[in-house]
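*Asks:* Sharing a structure below in structure tokens format, with a few things to ask.
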Amino acid sequence: MHICKPLLVSLGLSTALVAPAMAQDATAKNVILLITDGAGIETWRAASYYRFGGLGHEVYDDFDVQVFASTHPLTTERQPTMTDEGAVTFDPAELWNAEADSSVYEGNIADYPAYFAGYAYSRADYTDSAAAGTALASGHKTYNSALNWSNNDTRMKHIGEYAVESGRALGSISSVEWTHATPAAFLAHNRSRNNYEEIAQEITDGGLATVVMGTGHPYFNGNGERVEAPSDKDFRYVGGRDTWNRLVSGETAYKHIETRADFEALANGTLDMGGKDRLIGTAQNVKTLQFNRDGVAMGDLLENVPDLPTMTKGALNVLSQDEDGFFLMIEGGAVDWAAHANNLPRIIEEQIDFNKSVEAVVDWVEANSSWDETLVMVTTDHGNGLLEGPDSDKVAYSPVINQGAGALPLVRWHDDTHTRELVPVYAMGAGAEYLLDVAKPAPGLATYGVSEDSRVYVDNTDVFGAALHAFGLTEALD
């Protein structure tokens, strides 16, 4: 058996509340973290092939720091275990094991032969988005399903709280429900990600964030069609009927918007905030901005919702009003949904929408801030689908095959759920070097054809560390 070893290229071508934080010498006014949910490296590359006909043309390909990250959880249990027994261990070298493996993974949409021991290792002991989001937001690993909640059954502090305590504003936006696991990890705390009503109530009544955006609208289905009589279940993503009614009637601290026109007005700076300085935007879809519409192909987009770049521009317009700075998380959440469905056209569509959001952030930094005062990090929370090339059943990690701009690349799916493969991390700006300081070597990354400088990895908890360091803060202790 063989592991594919392409020519060396760059990563893009080939990566209960505790005490207040104590300040260090601050280096960054703003930190912006962009997360494409469920995207292994070949997902990033497939989108670039379709969009540009080649690699190296995305804005993050020019970032100074290009490394990888591990994403495994503390434990795959879904409730606190109160013990370290059974904790997940991780050895990146095992990912590249090209020994034949005859096991078969029984997925939700197909059965997937392992082919190689490294593939089987990648599919074992993977994180969910709640534990991964918690690691990115709090700097601590935990059990699957937990939102800033420890395996010892205690509440953990997330980066949004540190930002607000330091005088900065907080924003969290997504292409999926604003109470879904990843956006909620930067806003709330709960023993289970599935307690959507409790999460929404903490967000709306707690008032920690300045900007929250996503989907979850109870009066619109996945096709963006009006629902005249939604059930109680349809209100779960927005806190239940009572919380929703208070939100839309202006009885909370937040201005609420939902139409595409209002999101666009926010993006171009013409929205009337009605005297409020906080905003929740619930796009008119109960599920995702676009992925859940009928069909499986690209195109024929719903017209009643904004895209993620528009939401990004709007969030930046509001958050930048805080003279002390801000923390903003932007998630391309439906990339993960497309991976679960093994839907190549729509995963590319969703990844391109995310990449355009990265471009909007870079444009904002260069027009309204600077790389000396803003840190931008771009990553994913975990892999999903183990997307590889068409020959990857014969040659381990054989890459996707480019068919030119506007044409779907040739691929093979090896899974329909999450993986613990090493995932790309790109960083630029104030404090980005922190990731290089904590990185560890992973020679097997040469398999991806990345440069020698990029054959290193951090843990997902180090993304929190980079943000805290950039802000000039230290982690609070119990």
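Numbering starts fresh at 1 for the residues of each chain in the structure tokens, the chains themselves are lettered A, B, ... in the order given, and ligands are numbered from 1 as they appear.
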I'd like a table as CSV: residues in region 412-466 of chain A with an atom no more than 9 Å from region 70-73 of chain A, each row giving the shortest atom pair and its distance in Å to one decimal, only C-alpha atoms counted, sorted by chain and rising residue number.
*Replies:*
residue,atom,partner,partner_atom,distance
A:Thr419,CA,A:His72,CA,8.6
A:Arg420,CA,A:His72,CA,5.7
A:Glu421,CA,A:Ser70,CA,7.0
A:Leu422,CA,A:Ser70,CA,5.1
A:Val423,CA,A:Ser70,CA,6.8
A:Tyr457,CA,A:Ser70,CA,6.9
A:Val458,CA,A:Ser70,CA,6.4
A:Asp459,CA,A:Ser70,CA,4.8
A:Asn460,CA,A:Thr71,CA,5.6
A:Thr461,CA,A:Thr71,CA,8.5
*Asks:* Mind writing the picked residues with all heavy atoms as a PDB file, in the first residue's frame?
*Replies:*
ATOM      1  N   THR A 419     -14.512  13.474  11.452  1.00  0.00           N
ATOM      2  CA  THR A 419     -13.226  12.789  11.533  1.00  0.00           C
ATOM      3  C   THR A 419     -12.309  13.559  12.480  1.00  0.00           C
ATOM      4  O   THR A 419     -12.586  14.694  12.851  1.00  0.00           O
ATOM      5  CB  THR A 419     -12.541  12.717  10.159  1.00  0.00           C
ATOM      6  OG1 THR A 419     -12.221  14.056   9.731  1.00  0.00           O
ATOM      7  CG2 THR A 419     -13.441  12.048   9.131  1.00  0.00           C
ATOM      8  N   ARG A 420     -11.202  12.906  12.833  1.00  0.00           N
ATOM      9  CA  ARG A 420     -10.199  13.604  13.657  1.00  0.00           C
ATOM     10  C   ARG A 420      -8.917  13.860  12.858  1.00  0.00           C
ATOM     11  O   ARG A 420      -7.817  13.902  13.412  1.00  0.00           O
ATOM     12  CB  ARG A 420      -9.905  12.840  14.936  1.00  0.00           C
ATOM     13  CG  ARG A 420      -9.420  11.423  14.761  1.00  0.00           C
ATOM     14  CD  ARG A 420      -8.984  10.863  16.104  1.00  0.00           C
ATOM     15  NE  ARG A 420      -8.828   9.423  16.071  1.00  0.00           N
ATOM     16  CZ  ARG A 420      -8.355   8.710  17.104  1.00  0.00           C
ATOM     17  NH1 ARG A 420      -7.966   9.312  18.205  1.00  0.00           N
ATOM     18  NH2 ARG A 420      -8.261   7.397  17.007  1.00  0.00           N
ATOM     19  N   GLU A 421      -9.048  14.015  11.571  1.00  0.00           N
ATOM     20  CA  GLU A 421      -7.892  14.380  10.753  1.00  0.00           C
ATOM     21  C   GLU A 421      -7.366  15.758  11.174  1.00  0.00           C
ATOM     22  O   GLU A 421      -8.091  16.571  11.751  1.00  0.00           O
ATOM     23  CB  GLU A 421      -8.283  14.398   9.277  1.00  0.00           C
ATOM     24  CG  GLU A 421      -9.361  15.412   8.921  1.00  0.00           C
ATOM     25  CD  GLU A 421     -10.012  15.145   7.580  1.00  0.00           C
ATOM     26  OE1 GLU A 421      -9.360  15.418   6.560  1.00  0.00           O
ATOM     27  OE2 GLU A 421     -11.160  14.673   7.560  1.00  0.00           O
ATOM     28  N   LEU A 422      -6.110  16.029  10.898  1.00  0.00           N
ATOM     29  CA  LEU A 422      -5.551  17.352  11.129  1.00  0.00           C
ATOM     30  C   LEU A 422      -6.150  18.319  10.108  1.00  0.00           C
ATOM     31  O   LEU A 422      -6.253  18.000   8.923  1.00  0.00           O
ATOM     32  CB  LEU A 422      -4.027  17.319  11.011  1.00  0.00           C
ATOM     33  CG  LEU A 422      -3.299  16.501  12.076  1.00  0.00           C
ATOM     34  CD1 LEU A 422      -1.801  16.448  11.770  1.00  0.00           C
ATOM     35  CD2 LEU A 422      -3.531  17.067  13.475  1.00  0.00           C
ATOM     36  N   VAL A 423      -6.531  19.491  10.580  1.00  0.00           N
ATOM     37  CA  VAL A 423      -7.250  20.441   9.727  1.00  0.00           C
ATOM     38  C   VAL A 423      -6.463  21.746   9.595  1.00  0.00           C
ATOM     39  O   VAL A 423      -5.671  22.104  10.464  1.00  0.00           O
ATOM     40  CB  VAL A 423      -8.660  20.730  10.285  1.00  0.00           C
ATOM     41  CG1 VAL A 423      -9.498  19.460  10.291  1.00  0.00           C
ATOM     42  CG2 VAL A 423      -8.588  21.349  11.686  1.00  0.00           C
ATOM     43  N   TYR A 457       1.597  21.198  13.782  1.00  0.00           N
ATOM     44  CA  TYR A 457       0.199  21.325  14.183  1.00  0.00           C
ATOM     45  C   TYR A 457       0.094  21.867  15.604  1.00  0.00           C
ATOM     46  O   TYR A 457       0.982  21.684  16.438  1.00  0.00           O
ATOM     47  CB  TYR A 457      -0.532  19.992  14.060  1.00  0.00           C
ATOM     48  CG  TYR A 457      -0.243  18.986  15.158  1.00  0.00           C
ATOM     49  CD1 TYR A 457      -1.154  18.759  16.187  1.00  0.00           C
ATOM     50  CD2 TYR A 457       0.949  18.257  15.165  1.00  0.00           C
ATOM     51  CE1 TYR A 457      -0.898  17.840  17.192  1.00  0.00           C
ATOM     52  CE2 TYR A 457       1.210  17.328  16.162  1.00  0.00           C
ATOM     53  CZ  TYR A 457       0.276  17.124  17.177  1.00  0.00           C
ATOM     54  OH  TYR A 457       0.530  16.223  18.172  1.00  0.00           O
ATOM     55  N   VAL A 458      -0.996  22.553  15.843  1.00  0.00           N
ATOM     56  CA  VAL A 458      -1.376  22.995  17.168  1.00  0.00           C
ATOM     57  C   VAL A 458      -2.585  22.173  17.589  1.00  0.00           C
ATOM     58  O   VAL A 458      -3.124  21.386  16.804  1.00  0.00           O
ATOM     59  CB  VAL A 458      -1.712  24.500  17.181  1.00  0.00           C
ATOM     60  CG1 VAL A 458      -0.498  25.327  16.758  1.00  0.00           C
ATOM     61  CG2 VAL A 458      -2.918  24.810  16.278  1.00  0.00           C
ATOM     62  N   ASP A 459      -3.026  22.336  18.800  1.00  0.00           N
ATOM     63  CA  ASP A 459      -4.297  21.760  19.206  1.00  0.00           C
ATOM     64  C   ASP A 459      -5.378  22.818  19.031  1.00  0.00           C
ATOM     65  O   ASP A 459      -5.086  24.023  19.021  1.00  0.00           O
ATOM     66  CB  ASP A 459      -4.248  21.297  20.661  1.00  0.00           C
ATOM     67  CG  ASP A 459      -5.486  20.508  21.040  1.00  0.00           C
ATOM     68  OD1 ASP A 459      -5.702  19.437  20.452  1.00  0.00           O
ATOM     69  OD2 ASP A 459      -6.249  20.973  21.904  1.00  0.00           O
ATOM     70  N   ASN A 460      -6.638  22.382  18.882  1.00  0.00           N
ATOM     71  CA  ASN A 460      -7.694  23.384  18.720  1.00  0.00           C
ATOM     72  C   ASN A 460      -7.799  24.307  19.931  1.00  0.00           C
ATOM     73  O   ASN A 460      -8.215  25.465  19.796  1.00  0.00           O
ATOM     74  CB  ASN A 460      -9.042  22.732  18.403  1.00  0.00           C
ATOM     75  CG  ASN A 460      -9.462  21.648  19.383  1.00  0.00           C
ATOM     76  OD1 ASN A 460      -8.799  21.383  20.387  1.00  0.00           O
ATOM     77  ND2 ASN A 460     -10.586  21.001  19.088  1.00  0.00           N
ATOM     78  N   THR A 461      -7.403  23.841  21.102  1.00  0.00           N
ATOM     79  CA  THR A 461      -7.430  24.718  22.275  1.00  0.00           C
ATOM     80  C   THR A 461      -6.448  25.875  22.140  1.00  0.00           C
ATOM     81  O   THR A 461      -6.603  26.916  22.803  1.00  0.00           O
ATOM     82  CB  THR A 461      -7.101  23.919  23.550  1.00  0.00           C
ATOM     83  OG1 THR A 461      -5.836  23.253  23.373  1.00  0.00           O
ATOM     84  CG2 THR A 461      -8.174  22.879  23.836  1.00  0.00           C
TER      85      THR A 461
END
*Asks:* When you look at region 431-448 of chain A with a cut-off of 6 Å (counting only C-alpha atoms), what residues show up, excluding the ones that are within fewer than 3 positions of it in the same chain? I need them as a list in words.
*Replies:*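 These residues fall inside the cut-off: Lys5, Ala427, Met428, Arg455, Val456, Tyr457, Val458, Ala466 and Ala470 of chain A.
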*Asks:* Export, as a PDB file, in the first residue's frame, the selected residues with all heavy atoms.
*Replies:*
ATOM      1  N   LYS A   5       2.318  11.125  -2.233  1.00  0.00           N
ATOM      2  CA  LYS A   5       3.240  12.190  -1.853  1.00  0.00           C
ATOM      3  C   LYS A   5       3.399  13.167  -3.007  1.00  0.00           C
ATOM      4  O   LYS A   5       4.316  13.067  -3.815  1.00  0.00           O
ATOM      5  CB  LYS A   5       4.605  11.613  -1.462  1.00  0.00           C
ATOM      6  CG  LYS A   5       4.544  10.723  -0.215  1.00  0.00           C
ATOM      7  CD  LYS A   5       5.905  10.236   0.187  1.00  0.00           C
ATOM      8  CE  LYS A   5       5.844   9.390   1.443  1.00  0.00           C
ATOM      9  NZ  LYS A   5       7.160   8.881   1.858  1.00  0.00           N
ATOM     10  N   ALA A 427      -3.505  32.129   9.805  1.00  0.00           N
ATOM     11  CA  ALA A 427      -3.572  33.287  10.694  1.00  0.00           C
ATOM     12  C   ALA A 427      -2.747  34.431  10.140  1.00  0.00           C
ATOM     13  O   ALA A 427      -1.709  34.222   9.506  1.00  0.00           O
ATOM     14  CB  ALA A 427      -3.098  32.920  12.100  1.00  0.00           C
ATOM     15  N   MET A 428      -3.226  35.640  10.430  1.00  0.00           N
ATOM     16  CA  MET A 428      -2.554  36.854   9.953  1.00  0.00           C
ATOM     17  C   MET A 428      -2.837  37.971  10.940  1.00  0.00           C
ATOM     18  O   MET A 428      -3.943  38.088  11.465  1.00  0.00           O
ATOM     19  CB  MET A 428      -3.101  37.224   8.567  1.00  0.00           C
ATOM     20  CG  MET A 428      -2.461  38.426   7.929  1.00  0.00           C
ATOM     21  SD  MET A 428      -0.898  37.986   7.135  1.00  0.00           S
ATOM     22  CE  MET A 428      -0.613  39.493   6.187  1.00  0.00           C
ATOM     23  N   ARG A 455       4.415  21.790   8.124  1.00  0.00           N
ATOM     24  CA  ARG A 455       4.271  20.422   8.645  1.00  0.00           C
ATOM     25  C   ARG A 455       4.330  20.421  10.168  1.00  0.00           C
ATOM     26  O   ARG A 455       5.107  19.699  10.806  1.00  0.00           O
ATOM     27  CB  ARG A 455       5.350  19.519   8.055  1.00  0.00           C
ATOM     28  CG  ARG A 455       5.224  19.340   6.560  1.00  0.00           C
ATOM     29  CD  ARG A 455       6.381  18.546   6.012  1.00  0.00           C
ATOM     30  NE  ARG A 455       6.556  18.804   4.583  1.00  0.00           N
ATOM     31  CZ  ARG A 455       7.633  18.479   3.898  1.00  0.00           C
ATOM     32  NH1 ARG A 455       8.659  17.889   4.500  1.00  0.00           N
ATOM     33  NH2 ARG A 455       7.704  18.767   2.603  1.00  0.00           N
ATOM     34  N   VAL A 456       3.522  21.259  10.746  1.00  0.00           N
ATOM     35  CA  VAL A 456       3.405  21.375  12.194  1.00  0.00           C
ATOM     36  C   VAL A 456       1.928  21.520  12.534  1.00  0.00           C
ATOM     37  O   VAL A 456       1.114  21.916  11.699  1.00  0.00           O
ATOM     38  CB  VAL A 456       4.188  22.584  12.743  1.00  0.00           C
ATOM     39  CG1 VAL A 456       5.682  22.401  12.536  1.00  0.00           C
ATOM     40  CG2 VAL A 456       3.715  23.883  12.100  1.00  0.00           C
ATOM     41  N   TYR A 457       1.597  21.198  13.782  1.00  0.00           N
ATOM     42  CA  TYR A 457       0.199  21.325  14.183  1.00  0.00           C
ATOM     43  C   TYR A 457       0.094  21.867  15.604  1.00  0.00           C
ATOM     44  O   TYR A 457       0.982  21.684  16.438  1.00  0.00           O
ATOM     45  CB  TYR A 457      -0.532  19.992  14.060  1.00  0.00           C
ATOM     46  CG  TYR A 457      -0.243  18.986  15.158  1.00  0.00           C
ATOM     47  CD1 TYR A 457      -1.154  18.759  16.187  1.00  0.00           C
ATOM     48  CD2 TYR A 457       0.949  18.257  15.165  1.00  0.00           C
ATOM     49  CE1 TYR A 457      -0.898  17.840  17.192  1.00  0.00           C
ATOM     50  CE2 TYR A 457       1.210  17.328  16.162  1.00  0.00           C
ATOM     51  CZ  TYR A 457       0.276  17.124  17.177  1.00  0.00           C
ATOM     52  OH  TYR A 457       0.530  16.223  18.172  1.00  0.00           O
ATOM     53  N   VAL A 458      -0.996  22.553  15.843  1.00  0.00           N
ATOM     54  CA  VAL A 458      -1.376  22.995  17.168  1.00  0.00           C
ATOM     55  C   VAL A 458      -2.585  22.173  17.589  1.00  0.00           C
ATOM     56  O   VAL A 458      -3.124  21.386  16.804  1.00  0.00           O
ATOM     57  CB  VAL A 458      -1.712  24.500  17.181  1.00  0.00           C
ATOM     58  CG1 VAL A 458      -0.498  25.327  16.758  1.00  0.00           C
ATOM     59  CG2 VAL A 458      -2.918  24.810  16.278  1.00  0.00           C
ATOM     60  N   ALA A 466      -4.331  31.708  21.362  1.00  0.00           N
ATOM     61  CA  ALA A 466      -3.871  32.763  20.464  1.00  0.00           C
ATOM     62  C   ALA A 466      -4.726  34.011  20.592  1.00  0.00           C
ATOM     63  O   ALA A 466      -4.211  35.146  20.590  1.00  0.00           O
ATOM     64  CB  ALA A 466      -3.887  32.263  19.021  1.00  0.00           C
ATOM     65  N   ALA A 470      -3.402  37.513  22.025  1.00  0.00           N
ATOM     66  CA  ALA A 470      -3.486  38.703  21.180  1.00  0.00           C
ATOM     67  C   ALA A 470      -4.145  39.860  21.908  1.00  0.00           C
ATOM     68  O   ALA A 470      -3.752  41.019  21.743  1.00  0.00           O
ATOM     69  CB  ALA A 470      -4.256  38.371  19.899  1.00  0.00           C
TER      70      ALA A 470
END
*Asks:* Check which residues of region 93-177 of chain A sit at most 9 Å from region 207-219 of chain A using only C-alpha atoms, and return one row each with the closest pair of atoms and their distance in Å to one decimal, ordered by chain and rising number, as a tab-separated table.
*Replies:*
residue	atom	partner	partner_atom	distance
A:Gly160	CA	A:Ala209	CA	7.7
A:Glu161	CA	A:Leu208	CA	7.5
A:Val164	CA	A:Leu208	CA	7.3
A:Ala169	CA	A:Thr210	CA	6.0
A:Leu170	CA	A:Ala209	CA	4.8
A:Gly171	CA	A:Val211	CA	4.5
A:Ser172	CA	A:Val212	CA	5.1
A:Ile173	CA	A:Met213	CA	4.5
A:Ser174	CA	A:Gly214	CA	4.8
A:Ser175	CA	A:Gly214	CA	5.5
A:Val176	CA	A:Thr215	CA	5.1
A:Glu177	CA	A:Thr215	CA	4.1
*Asks:* Please save N, CA and C atoms of the selected residues as a compact mmCIF listing (two decimals), in the first residue's frame.
*Replies:*
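So out_17.txt came out as:
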# COMPACT_ATOMS: atom_id res chain seq x y z
N GLY A 160 -15.55 35.00 24.53
CA GLY A 160 -16.48 36.12 24.46
C GLY A 160 -16.59 36.84 25.79
N GLU A 161 -16.58 36.08 26.87
CA GLU A 161 -16.66 36.69 28.20
C GLU A 161 -15.38 37.46 28.52
N VAL A 164 -15.60 40.78 26.52
CA VAL A 164 -16.53 41.76 27.09
C VAL A 164 -15.98 42.32 28.40
N ALA A 169 -16.44 44.43 22.43
CA ALA A 169 -17.74 43.91 22.03
C ALA A 169 -17.59 42.47 21.56
N LEU A 170 -18.71 41.74 21.49
CA LEU A 170 -18.73 40.34 21.09
C LEU A 170 -19.75 40.11 20.00
N GLY A 171 -19.36 39.34 18.98
CA GLY A 171 -20.29 38.95 17.94
C GLY A 171 -20.10 37.50 17.55
N SER A 172 -21.20 36.83 17.16
CA SER A 172 -21.15 35.44 16.70
C SER A 172 -22.20 35.28 15.62
N ILE A 173 -21.78 34.91 14.41
CA ILE A 173 -22.71 34.79 13.29
C ILE A 173 -22.48 33.48 12.55
N SER A 174 -23.53 32.97 11.91
CA SER A 174 -23.44 31.67 11.28
C SER A 174 -24.44 31.55 10.14
N SER A 175 -24.17 30.60 9.24
CA SER A 175 -25.11 30.29 8.17
C SER A 175 -26.13 29.25 8.59
N VAL A 176 -26.07 28.81 9.85
CA VAL A 176 -27.06 27.91 10.42
C VAL A 176 -27.68 28.57 11.65
N GLU A 177 -28.48 27.83 12.41
CA GLU A 177 -29.18 28.41 13.54
C GLU A 177 -28.21 29.10 14.51
*Asks:* Taking only C-alpha atoms into account, name the residue in A:Val104, A:Leu473, A:Ala69, A:Ala467 that is nearest to Gly139 (chain A).
*Replies:*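 Comparing A:Val104, A:Leu473, A:Ala69, A:Ala467 against Gly139 (chain A), the winner is A:Ala467.
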*Asks:* Near Lys141 (chain A), counting only C-alpha atoms, which residues have an atom at most 8 Å away, once you skip same-chain residues fewer than 6 positions from it, shown as a compact mmCIF listing (two decimals) with all heavy atoms, in the first residue's frame?
*Replies:*
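What ended up in result_36.txt:
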# COMPACT_ATOMS: atom_id res chain seq x y z
N PRO A 73 -11.88 15.26 20.95
CA PRO A 73 -12.47 15.72 22.21
C PRO A 73 -11.77 15.11 23.41
O PRO A 73 -10.88 14.24 23.26
CB PRO A 73 -13.91 15.19 22.12
CG PRO A 73 -13.73 13.87 21.41
CD PRO A 73 -12.63 14.12 20.39
N LEU A 74 -12.17 15.51 24.60
CA LEU A 74 -11.66 14.87 25.81
C LEU A 74 -12.21 13.44 25.91
O LEU A 74 -11.49 12.49 26.19
CB LEU A 74 -12.07 15.66 27.05
CG LEU A 74 -11.66 15.06 28.39
CD1 LEU A 74 -10.15 15.01 28.52
CD2 LEU A 74 -12.28 15.85 29.55
N ALA A 131 -18.18 20.10 21.48
CA ALA A 131 -16.89 19.94 22.15
C ALA A 131 -15.79 20.68 21.41
O ALA A 131 -14.90 21.28 22.02
CB ALA A 131 -16.54 18.46 22.28
N ALA A 132 -15.84 20.65 20.07
CA ALA A 132 -14.84 21.37 19.29
C ALA A 132 -14.99 22.87 19.47
O ALA A 132 -14.00 23.60 19.64
CB ALA A 132 -14.97 21.01 17.82
N THR A 134 -16.26 24.37 22.02
CA THR A 134 -15.82 24.68 23.39
C THR A 134 -14.30 24.77 23.46
O THR A 134 -13.75 25.66 24.13
CB THR A 134 -16.34 23.61 24.36
OG1 THR A 134 -17.77 23.67 24.40
CG2 THR A 134 -15.79 23.81 25.76
N ALA A 135 -13.61 23.85 22.81
CA ALA A 135 -12.14 23.90 22.80
C ALA A 135 -11.63 25.19 22.18
O ALA A 135 -10.72 25.85 22.70
CB ALA A 135 -11.58 22.69 22.06
N SER A 150 -17.68 21.60 31.59
CA SER A 150 -16.56 20.69 31.77
C SER A 150 -17.00 19.26 32.03
O SER A 150 -18.16 18.99 32.38
CB SER A 150 -15.69 21.16 32.94
OG SER A 150 -16.28 20.81 34.18
N THR A 461 -7.40 23.84 21.10
CA THR A 461 -7.43 24.72 22.28
C THR A 461 -6.45 25.87 22.14
O THR A 461 -6.60 26.92 22.80
CB THR A 461 -7.10 23.92 23.55
OG1 THR A 461 -5.84 23.25 23.37
CG2 THR A 461 -8.17 22.88 23.84
*Asks:* Could you pull out the alpha helix (DSSP H) residues of region 167-234 of chain A, going by DSSP on the backbone, and write them as an MDAnalysis selection string?
*Replies:* chainID A and resid 181:185 196:206
*Asks:* Output all heavy atoms of each residue in that selection to a file, as a compact mmCIF listing (two decimals), in the first residue's frame.
*Replies:*
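Printed below is part-v3.txt as written:
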# COMPACT_ATOMS: atom_id res chain seq x y z
N ALA A 181 -24.41 24.48 17.62
CA ALA A 181 -23.29 24.22 18.51
C ALA A 181 -22.15 25.23 18.38
O ALA A 181 -21.68 25.78 19.38
CB ALA A 181 -22.77 22.81 18.27
N THR A 182 -21.69 25.49 17.15
CA THR A 182 -20.52 26.35 17.00
C THR A 182 -20.80 27.80 17.38
O THR A 182 -20.08 28.38 18.20
CB THR A 182 -19.93 26.24 15.59
OG1 THR A 182 -19.61 24.88 15.31
CG2 THR A 182 -18.69 27.09 15.45
N PRO A 183 -21.82 28.45 16.82
CA PRO A 183 -22.06 29.83 17.26
C PRO A 183 -22.38 29.93 18.75
O PRO A 183 -21.97 30.89 19.42
CB PRO A 183 -23.25 30.29 16.39
CG PRO A 183 -23.87 29.04 15.86
CD PRO A 183 -22.75 28.05 15.75
N ALA A 184 -23.10 28.94 19.29
CA ALA A 184 -23.45 28.97 20.70
C ALA A 184 -22.23 28.83 21.60
O ALA A 184 -22.23 29.33 22.73
CB ALA A 184 -24.46 27.88 21.02
N ALA A 185 -21.18 28.17 21.11
CA ALA A 185 -19.98 27.99 21.92
C ALA A 185 -19.30 29.32 22.24
O ALA A 185 -18.51 29.40 23.19
CB ALA A 185 -18.99 27.07 21.21
N TYR A 196 -31.68 23.77 23.07
CA TYR A 196 -31.70 25.00 22.27
C TYR A 196 -32.45 26.14 22.95
O TYR A 196 -32.01 27.29 22.91
CB TYR A 196 -32.32 24.71 20.90
CG TYR A 196 -31.50 23.81 20.03
CD1 TYR A 196 -31.92 22.50 19.76
CD2 TYR A 196 -30.31 24.24 19.46
CE1 TYR A 196 -31.17 21.66 18.96
CE2 TYR A 196 -29.55 23.41 18.65
CZ TYR A 196 -29.99 22.12 18.41
OH TYR A 196 -29.23 21.29 17.61
N GLU A 197 -33.58 25.84 23.56
CA GLU A 197 -34.36 26.90 24.19
C GLU A 197 -33.57 27.56 25.31
O GLU A 197 -33.55 28.79 25.43
CB GLU A 197 -35.69 26.36 24.70
CG GLU A 197 -36.69 26.02 23.61
CD GLU A 197 -38.10 25.85 24.12
OE1 GLU A 197 -38.40 26.30 25.25
OE2 GLU A 197 -38.93 25.26 23.40
N GLU A 198 -32.92 26.76 26.15
CA GLU A 198 -32.12 27.32 27.24
C GLU A 198 -30.98 28.16 26.68
O GLU A 198 -30.65 29.24 27.22
CB GLU A 198 -31.56 26.20 28.11
CG GLU A 198 -32.60 25.41 28.88
CD GLU A 198 -31.98 24.27 29.67
OE1 GLU A 198 -30.73 24.22 29.77
OE2 GLU A 198 -32.74 23.43 30.19
N ILE A 199 -30.35 27.68 25.62
CA ILE A 199 -29.23 28.41 25.01
C ILE A 199 -29.71 29.76 24.47
O ILE A 199 -29.08 30.80 24.69
CB ILE A 199 -28.59 27.56 23.91
CG1 ILE A 199 -27.92 26.32 24.54
CG2 ILE A 199 -27.58 28.36 23.10
CD1 ILE A 199 -27.60 25.23 23.54
N ALA A 200 -30.83 29.74 23.75
CA ALA A 200 -31.36 30.99 23.19
C ALA A 200 -31.75 31.97 24.29
O ALA A 200 -31.55 33.19 24.16
CB ALA A 200 -32.56 30.68 22.30
N GLN A 201 -32.30 31.46 25.36
CA GLN A 201 -32.70 32.34 26.46
C GLN A 201 -31.48 32.98 27.14
O GLN A 201 -31.51 34.15 27.51
CB GLN A 201 -33.55 31.56 27.46
CG GLN A 201 -34.93 31.21 26.92
CD GLN A 201 -35.62 30.11 27.70
OE1 GLN A 201 -35.17 29.72 28.79
NE2 GLN A 201 -36.71 29.59 27.16
N GLU A 202 -30.40 32.20 27.28
CA GLU A 202 -29.18 32.79 27.84
C GLU A 202 -28.65 33.89 26.94
O GLU A 202 -28.22 34.96 27.41
CB GLU A 202 -28.10 31.72 28.04
CG GLU A 202 -26.81 32.30 28.61
CD GLU A 202 -25.70 31.28 28.81
OE1 GLU A 202 -25.95 30.07 28.68
OE2 GLU A 202 -24.56 31.72 29.11
N ILE A 203 -28.71 33.66 25.63
CA ILE A 203 -28.19 34.65 24.69
C ILE A 203 -29.03 35.92 24.70
O ILE A 203 -28.50 37.03 24.80
CB ILE A 203 -28.14 34.05 23.27
CG1 ILE A 203 -27.10 32.93 23.21
CG2 ILE A 203 -27.83 35.13 22.22
CD1 ILE A 203 -27.17 32.08 21.95
N THR A 204 -30.34 35.77 24.61
CA THR A 204 -31.21 36.95 24.50
C THR A 204 -31.37 37.68 25.82
O THR A 204 -31.40 38.91 25.86
CB THR A 204 -32.60 36.55 23.96
OG1 THR A 204 -33.16 35.54 24.79
CG2 THR A 204 -32.50 36.03 22.55
N ASP A 205 -31.48 36.95 26.91
CA ASP A 205 -31.70 37.59 28.20
C ASP A 205 -30.41 38.00 28.89
O ASP A 205 -30.38 38.96 29.66
CB ASP A 205 -32.50 36.66 29.12
CG ASP A 205 -33.89 36.37 28.59
OD1 ASP A 205 -34.42 37.21 27.83
OD2 ASP A 205 -34.47 35.32 28.93
N GLY A 206 -29.32 37.28 28.58
CA GLY A 206 -28.04 37.62 29.20
C GLY A 206 -27.42 38.88 28.62
O GLY A 206 -26.74 39.62 29.32
*Asks:* Using only C-alpha atoms, which of the listed residues (A:Arg193, A:Lys276, A:Arg123, A:His256) sits closest to Trp149 (chain A)?
*Replies:*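 Selected residue with least distance to Trp149 (chain A): A:Arg193.
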*Asks:* I'd like to know which of A:Asp242, A:Asp37, A:Asp91, A:Asp128 is closest to Thr75 (chain A), using only C-alpha atoms.
*Replies:* A:Asp128
*Asks:* Quick one: pick out all strand (DSSP E) residues within region 95-316 of chain A from a backbone DSSP run and write them as a VMD selection string.
*Replies:* chain A and resid 100 to 106 111 to 116 169 to 177 211 to 215 255 to 257 279 to 282
*Asks:* For Gly385 (chain A), which residue among A:Asp363, A:Asp324, A:Glu94, A:Asp336 is the nearest when counting only C-alpha atoms?
*Replies:*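 Nearest candidate to Gly385 (chain A) out of A:Asp363, A:Asp324, A:Glu94, A:Asp336: A:Asp336.
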